[in-house]
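S.K.: What follows is a single structure, and I will ask about it in a moment.
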Amino acid sequence: MQNKNKQGVLLVNLGTPDEATAPAVKKFLSQFLHDQRVVDMTRWLWCPILHGVILPIRSPKVAKLYQTVWMEDGSPLMVYSKRQAKKLQQATDMPVELGMTYGAPSLQSGIEALISQGVEEVIVLPLYPQYSGTTTAAVSDGLAKAFKKIPVIPAYRFVRDYHEHPLYIKALAESVRRSWDKNGRGDYLLCSYHGIPKRYADNGDIYPQHCERTTELLGKELGLSSEQIGMTYQSRFGREEWLQPYTDKTLEQLPSRGVKKLDIIAPAFSSDCLETLEEISEQCCEIFEEHGGESFTYIPCLNDDDQHIEMMVNLIKD
């Protein structure tokens, strides 16, 4: 693909702490949890709770969890994001830069790096297959802030979602088949998506519909019946109701329903991270086995898989 139009790609993900330490995690969580797209509570009420209670208590705990999944070259999300960017640049022959909604490298630094390479039109690709105001819209907000600090803003196109893109579904299905070939096929395939407060969906967020559609298409691609595949939501936080069914509660019930051998995949995550490598692969495995499950297989995210990159190339061409 020749770069005739001076195009470049800004590959966007949520972000990650710079180090697996309490201060680095505190800095990252502070920025993340300050975003009103993520937590929409009134600031005067939320900020004292965040800084007085949540950050001092959670930061050391989360840092310890990060230490269990940290890779030689850094946070898993950052390692895989860099590999994705490198492969995508090779496949498109276009400049590709990373920009994280929170933490480094920032959206602004990513855009500035593209501009410095002569890019006049930026294709913004948030790696969130399913749209949510808490993720995709937060990227748009971040771009608007970044553009305020740039004298001449580039033209840009924004990939809003790709939850039903045929190549995305095919890549997911192929990752499941590879797991079946390697580990054997489970009794049930559970798709676990990152949750959001139910109130957000009640107020119009289309995220649950996108998750349901992805699950439906993946089931069709794999030839699974509704009794062989299902979906849940993980990573809830705080006391209010989140989207249901909850992943952990479902894992407690599945063995009593005859599911002894489980395959679990996280289609909302484009890169393995704390929520997949620690929460699903370790915590969820323990819950399932404690309640009578016999075999638990976590199917990794698409990461820098060639089919995943092919899908990104297709999105950029479109």
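Chain lettering (A, B, ...) mirrors the order of the structure tokens, residue numbering begins at 1 for each chain separately, and ligand numbering begins at 1 in order of display.
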Do you know which residues are at most 10 Å from Cys284 in chain A counting only C-alpha atoms, after dropping those on the same chain fewer than 3 positions away, and could you put them as a list in words?
M.R.: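 After dropping sequence-adjacent residues, the list is Gln234, Thr247, Asp248, Lys249, Leu251, Glu252, Ile264, Thr276, Glu278, Glu279, Ile280, Ser281, Ile287, Phe288, Glu289, Glu290, Phe296 and Tyr298 of chain A.
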S.K.: Write out as an MDAnalysis selection string all residues of range 57-304 of chain A that backbone DSSP assigns to alpha helix (DSSP H).
M.R.: chainID A and resid 57:69 76:92 107:116 136:147 166:183 198:202 207:222 247:253 274 285:290
S.K.: May I ask for the distance between CA of Ala268 in chain A and CA of Pro23 in chain A, given in Å to one decimal place?
M.R.: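 Those two atoms sit 27.9 Å apart.
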S.K.: I'd like a table as CSV: residues in range 100-183 of chain A with an atom no more than 8 Å from range 29-38 of chain A, each row giving the shortest atom pair and its distance in Å to one decimal, only C-alpha atoms counted, sorted by chain and rising residue number.
M.R.:
residue,atom,partner,partner_atom,distance
A:Tyr102,CA,A:Phe32,CA,6.0
A:Gly103,CA,A:Gln31,CA,7.6
A:Gly133,CA,A:Arg37,CA,6.3
A:Thr134,CA,A:Arg37,CA,4.9
A:Thr135,CA,A:Arg37,CA,7.8
A:Ala137,CA,A:Arg37,CA,7.7
A:Ala138,CA,A:Arg37,CA,6.1
S.K.: Would you compute the distance between CA of Glu97 in chain A and CA of Gly8 in chain A? Give it in Å to one decimal.
M.R.: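 CA of Gly8 in chain A lies at a distance of 8.0 Å from CA of Glu97 in chain A.
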S.K.: Between range 10-63 of chain A and range 145-168 of chain A, at 12 Å or less, what are the per-residue closest atom pairs and their distances in Å? Count only C-alpha atoms, order by chain and rising residue number, and return it as a tab-separated table.
M.R.:
residue	atom	partner	partner_atom	distance
A:Leu10	CA	A:Phe158	CA	9.7
A:Leu11	CA	A:Val159	CA	10.3
A:Val12	CA	A:Val159	CA	10.5
S.K.: Filtering to C-alpha atoms, could you give me those residues as a short mmCIF file (atom, residue, chain, number, x, y, z; two decimals), in the first residue's frame?
M.R.:
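Result went into part.cif, see below:
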data_model
loop_
_atom_site.label_atom_id
_atom_site.label_comp_id
_atom_site.auth_asym_id
_atom_site.auth_seq_id
_atom_site.Cartn_x
_atom_site.Cartn_y
_atom_site.Cartn_z
CA LEU A 10 -2.48 6.34 15.17
CA LEU A 11 -2.99 3.01 16.90
CA VAL A 12 -4.79 3.64 20.19
#
S.K.: Kindly indicate which residue among A:Leu315, A:Ile49, A:Leu14, A:Leu277 lies nearest to Ser81 in chain A, using only C-alpha atoms for the distances.
M.R.: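 The closest residue to Ser81 in chain A is A:Leu14.
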S.K.: Which parts of range 17-198 of chain A does DSSP call strand (DSSP E) when run on the backbone here, written out as number ranges by chain?
M.R.: A: 96-100, 121-126, 155-158, 188-194
S.K.: Identify which of the residues A:Ser109, A:Asn13, A:Gln209, A:Thr297 lies closest to Val139 in chain A, counting only C-alpha atoms when measuring atom-to-atom distances.
M.R.: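 When distances to Val139 in chain A are compared using only C-alpha atoms, the smallest one comes from A:Asn13.
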S.K.: What lies within 7 Å of Leu222 in chain A using only C-alpha atoms, ignoring chain neighbours under 3 positions off, as a PyMOL selection string?
M.R.: chain A and resi 173+218-219
S.K.: Could you please take those selected residues and save N, CA, C and O atoms as a PDB file, in the first residue's frame?
M.R.:
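Generated output (out00.pdb):
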ATOM      1  N   ALA A 173     -12.241 -16.683  15.585  1.00  0.00           N
ATOM      2  CA  ALA A 173     -12.594 -18.092  15.387  1.00  0.00           C
ATOM      3  C   ALA A 173     -11.345 -18.945  15.192  1.00  0.00           C
ATOM      4  O   ALA A 173     -11.240 -20.054  15.745  1.00  0.00           O
ATOM      5  N   LEU A 218     -19.421 -15.043  16.226  1.00  0.00           N
ATOM      6  CA  LEU A 218     -18.368 -16.014  16.537  1.00  0.00           C
ATOM      7  C   LEU A 218     -18.955 -17.411  16.658  1.00  0.00           C
ATOM      8  O   LEU A 218     -18.381 -18.391  16.152  1.00  0.00           O
ATOM      9  N   GLY A 219     -20.111 -17.519  17.308  1.00  0.00           N
ATOM     10  CA  GLY A 219     -20.787 -18.812  17.427  1.00  0.00           C
ATOM     11  C   GLY A 219     -21.135 -19.394  16.064  1.00  0.00           C
ATOM     12  O   GLY A 219     -20.933 -20.580  15.811  1.00  0.00           O
TER      13      GLY A 219
END
S.K.: A:Ser132, A:Glu227, A:Asp306, A:Glu241: which is nearest Gly204 in chain A, counting only C-alpha atoms?
M.R.: A:Ser132
S.K.: Provide the CA of Thr101 in chain A to CA of Gly52 in chain A distance in Å, to one decimal place.
M.R.: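 Answer for the CA of Thr101 in chain A to CA of Gly52 in chain A separation: 24.0 Å.
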S.K.: Skip Leu77 in chain A itself and residues of its chain fewer than 5 positions away, then list as a list in words all residues within 9 Å of it, counting only C-alpha atoms.
M.R.: Asn13, Leu14, Gly15, Thr16, Lys82, Ser270, Ser271, Asp272, Cys273, Leu274 and Asn303 of chain A
S.K.: Using only C-alpha atoms for the distances, tell me which of A:Ala24, A:Leu127, A:Ile299, A:Ile111 is nearest to Glu174 in chain A.
M.R.: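 Looking at the shortest contact to Glu174 in chain A, the residue is A:Ile299.
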